[in-house]
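Here's the structure, in structure tokens; my notes come after.
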Amino acid sequence: MTALWTLTDGLTLVGRELGRLRQEPGQIVAALIFPVVMVVLFGYVFGSAIQVPDGGDYREYLMPGLFAMVTFSAWLGVMTRMATDASRGVMDRFRSMPMARLAVPFGQTGADLLTGLLMLAIMVGAGLLVGWQPHRGLIPTTQAFVLMIVLRYALSWVGVYVGLAVKNDQAADALVPLGLPFTMLSNAFVPTDGMPGWLRFVANWNPVSALTAAARGLFGNPGAGSGNAAWPLAHPVTTVLLWSAALLVLFVPLSLRAYTRRGR
């Protein structure tokens, strides 16, 4: 009964988060523009100077990396929303209401999952417009997007925990720029083979690289068989699933404990 109560209240808070987007149309506009800007910036500006491993079109090589980049934006958005609600007393008001105490983090992660699906759909549209397409059929394509959704949900719990751990929303905003170096230090935009040894090791074990490699393989895009012998890139689907499981096992209980303690 407690689980059903938490689920019901969590769905109510998902509706609240989606309603907040309607009241802040600037976020929707940014979500619509961001994929197009990324495709144009990296696909046409940087792509003219980057050679794809084994040949092929750079924009087809790039799009799985941009999908991974959008996936990894999950923890940043959830972090800022959690920190804002906590610092402005919104969570205190929720605790005073007859609702499940754990509905708030579940509601935040559920809402992010829906907005993440919207951003992926927009990115797919932008990719199709510039010539990207999956080549291996419906089932592998679906598997690639399921991997992105699973990892995004796991990362959203990282955002919940960090958002509750920081002191206020200003501190959370200061952490947002850290997301870009994390995604850039991967195989999303360039192969890792030319990096210095220590940097290549970090990039190969970056979950962004595993998700990008998995998507390239499932989509049949260039760069899937780059010959990189690193275990995460040789077994990218398994690596993504292991990363997702590890993040959920670690950060779900940490987040729930941090939320409970924040109200004391």
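Ordering of the structure tokens sets the chain letters (A, B, ...); residue numbers start at 1 within each chain; ligands are numbered from 1 in the order shown.
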* Could you pull out the helix (DSSP H, G or I) residues of range 14-253 of chain A from DSSP and send them as an NGL selection string? -> :A and (14-23 or 25-49 or 58-71 or 74-87 or 90-95 or 103-129 or 138-165 or 169-184 or 197-204 or 207-219 or 231-234 or 236-253)
Cut-off 10 Å: closest range 144-202 of chain A/range 119-137 of chain A atom pairs per residue, using only C-alpha atoms, as a Markdown table:
```
| residue | atom | partner | partner_atom | distance |
| --- | --- | --- | --- | --- |
| A:Phe145 | CA | A:Leu120 | CA | 8.6 |
| A:Met148 | CA | A:Leu120 | CA | 9.1 |
| A:Ile149 | CA | A:Leu120 | CA | 9.3 |
```
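You can rank A:Ala68, A:Leu62, A:Ala111, A:Ile139 by their closest distance to Thr183 in chain A using only C-alpha atoms, and at the top of that list sits A:Ala68.
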* **Among listed residues A:Phe201, A:Tyr61, A:Trp157, A:Phe67, nearest Gly220 in chain A (using only C-alpha atoms)** => A:Tyr61
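Residue nearest Pro222 in chain A, chosen from A:Val37, A:Leu254, A:Val166, A:Val190 and counting only C-alpha atoms: A:Val190.
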I want to know what sits within 9 Å of Asn204 in chain A, based on only C-alpha atoms, with residues of the same chain fewer than 6 positions away left out; could you give that as a PDB file with all heavy atoms, in the first residue's frame?
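And here's result.pdb as it stands now:
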```
ATOM      1  N   LEU A 185      35.187  14.710 -22.960  1.00  0.00           N
ATOM      2  CA  LEU A 185      36.260  13.754 -22.697  1.00  0.00           C
ATOM      3  C   LEU A 185      35.748  12.343 -22.969  1.00  0.00           C
ATOM      4  O   LEU A 185      35.554  11.521 -22.079  1.00  0.00           O
ATOM      5  CB  LEU A 185      36.746  13.885 -21.254  1.00  0.00           C
ATOM      6  CG  LEU A 185      37.971  13.035 -20.860  1.00  0.00           C
ATOM      7  CD1 LEU A 185      39.147  13.340 -21.767  1.00  0.00           C
ATOM      8  CD2 LEU A 185      38.327  13.266 -19.410  1.00  0.00           C
ATOM      9  N   SER A 186      35.492  12.073 -24.233  1.00  0.00           N
ATOM     10  CA  SER A 186      34.895  10.807 -24.645  1.00  0.00           C
ATOM     11  C   SER A 186      35.133  10.620 -26.137  1.00  0.00           C
ATOM     12  O   SER A 186      35.830  11.411 -26.778  1.00  0.00           O
ATOM     13  CB  SER A 186      33.389  10.812 -24.341  1.00  0.00           C
ATOM     14  OG  SER A 186      32.721  11.738 -25.190  1.00  0.00           O
ATOM     15  N   ASN A 187      34.520   9.589 -26.681  1.00  0.00           N
ATOM     16  CA  ASN A 187      34.598   9.360 -28.128  1.00  0.00           C
ATOM     17  C   ASN A 187      33.404   9.941 -28.861  1.00  0.00           C
ATOM     18  O   ASN A 187      33.140   9.588 -30.013  1.00  0.00           O
ATOM     19  CB  ASN A 187      34.698   7.858 -28.408  1.00  0.00           C
ATOM     20  CG  ASN A 187      33.421   7.123 -27.997  1.00  0.00           C
ATOM     21  OD1 ASN A 187      32.535   7.679 -27.351  1.00  0.00           O
ATOM     22  ND2 ASN A 187      33.336   5.858 -28.356  1.00  0.00           N
ATOM     23  N   THR A 192      39.133   8.223 -29.607  1.00  0.00           N
ATOM     24  CA  THR A 192      40.042   8.341 -28.461  1.00  0.00           C
ATOM     25  C   THR A 192      41.444   7.827 -28.769  1.00  0.00           C
ATOM     26  O   THR A 192      42.347   7.993 -27.956  1.00  0.00           O
ATOM     27  CB  THR A 192      39.490   7.558 -27.250  1.00  0.00           C
ATOM     28  OG1 THR A 192      39.413   6.165 -27.591  1.00  0.00           O
ATOM     29  CG2 THR A 192      38.112   8.065 -26.866  1.00  0.00           C
ATOM     30  N   ALA A 210      30.938   4.667 -23.761  1.00  0.00           N
ATOM     31  CA  ALA A 210      30.264   3.371 -23.909  1.00  0.00           C
ATOM     32  C   ALA A 210      28.905   3.537 -24.574  1.00  0.00           C
ATOM     33  O   ALA A 210      28.541   2.764 -25.478  1.00  0.00           O
ATOM     34  CB  ALA A 210      30.110   2.713 -22.539  1.00  0.00           C
ATOM     35  N   ASN A 228      39.248  -0.100 -31.245  1.00  0.00           N
ATOM     36  CA  ASN A 228      39.718   0.201 -29.901  1.00  0.00           C
ATOM     37  C   ASN A 228      39.569  -1.039 -29.026  1.00  0.00           C
ATOM     38  O   ASN A 228      38.484  -1.602 -28.915  1.00  0.00           O
ATOM     39  CB  ASN A 228      38.909   1.369 -29.319  1.00  0.00           C
ATOM     40  CG  ASN A 228      39.565   1.968 -28.090  1.00  0.00           C
ATOM     41  OD1 ASN A 228      39.990   1.265 -27.196  1.00  0.00           O
ATOM     42  ND2 ASN A 228      39.643   3.292 -28.063  1.00  0.00           N
ATOM     43  N   ALA A 230      39.940  -1.322 -25.784  1.00  0.00           N
ATOM     44  CA  ALA A 230      39.509  -1.110 -24.404  1.00  0.00           C
ATOM     45  C   ALA A 230      38.221  -1.894 -24.139  1.00  0.00           C
ATOM     46  O   ALA A 230      37.307  -1.886 -24.970  1.00  0.00           O
ATOM     47  CB  ALA A 230      39.297   0.377 -24.148  1.00  0.00           C
ATOM     48  N   TRP A 231      38.154  -2.547 -22.980  1.00  0.00           N
ATOM     49  CA  TRP A 231      37.007  -3.413 -22.687  1.00  0.00           C
ATOM     50  C   TRP A 231      35.663  -2.683 -22.769  1.00  0.00           C
ATOM     51  O   TRP A 231      34.715  -3.218 -23.360  1.00  0.00           O
ATOM     52  CB  TRP A 231      37.171  -4.041 -21.303  1.00  0.00           C
ATOM     53  CG  TRP A 231      36.196  -5.160 -21.064  1.00  0.00           C
ATOM     54  CD1 TRP A 231      36.382  -6.476 -21.327  1.00  0.00           C
ATOM     55  CD2 TRP A 231      34.869  -5.038 -20.530  1.00  0.00           C
ATOM     56  NE1 TRP A 231      35.248  -7.195 -20.998  1.00  0.00           N
ATOM     57  CE2 TRP A 231      34.309  -6.339 -20.506  1.00  0.00           C
ATOM     58  CE3 TRP A 231      34.093  -3.970 -20.081  1.00  0.00           C
ATOM     59  CZ2 TRP A 231      33.018  -6.589 -20.048  1.00  0.00           C
ATOM     60  CZ3 TRP A 231      32.794  -4.208 -19.625  1.00  0.00           C
ATOM     61  CH2 TRP A 231      32.274  -5.517 -19.604  1.00  0.00           C
ATOM     62  N   PRO A 232      35.526  -1.468 -22.228  1.00  0.00           N
ATOM     63  CA  PRO A 232      34.211  -0.802 -22.306  1.00  0.00           C
ATOM     64  C   PRO A 232      33.749  -0.551 -23.730  1.00  0.00           C
ATOM     65  O   PRO A 232      32.550  -0.575 -24.001  1.00  0.00           O
ATOM     66  CB  PRO A 232      34.444   0.516 -21.556  1.00  0.00           C
ATOM     67  CG  PRO A 232      35.630   0.281 -20.711  1.00  0.00           C
ATOM     68  CD  PRO A 232      36.495  -0.664 -21.479  1.00  0.00           C
ATOM     69  N   LEU A 233      34.678  -0.302 -24.654  1.00  0.00           N
ATOM     70  CA  LEU A 233      34.303  -0.033 -26.035  1.00  0.00           C
ATOM     71  C   LEU A 233      34.182  -1.309 -26.857  1.00  0.00           C
ATOM     72  O   LEU A 233      33.519  -1.314 -27.893  1.00  0.00           O
ATOM     73  CB  LEU A 233      35.316   0.920 -26.683  1.00  0.00           C
ATOM     74  CG  LEU A 233      35.475   2.274 -25.969  1.00  0.00           C
ATOM     75  CD1 LEU A 233      36.357   3.203 -26.779  1.00  0.00           C
ATOM     76  CD2 LEU A 233      34.116   2.924 -25.705  1.00  0.00           C
TER      77      LEU A 233
END
```
* Find the residue from A:Trp205, A:Phe219, A:Tyr153, A:Phe34 that sits nearest to Met63 in chain A; use only C-alpha atoms when measuring. => A:Phe219
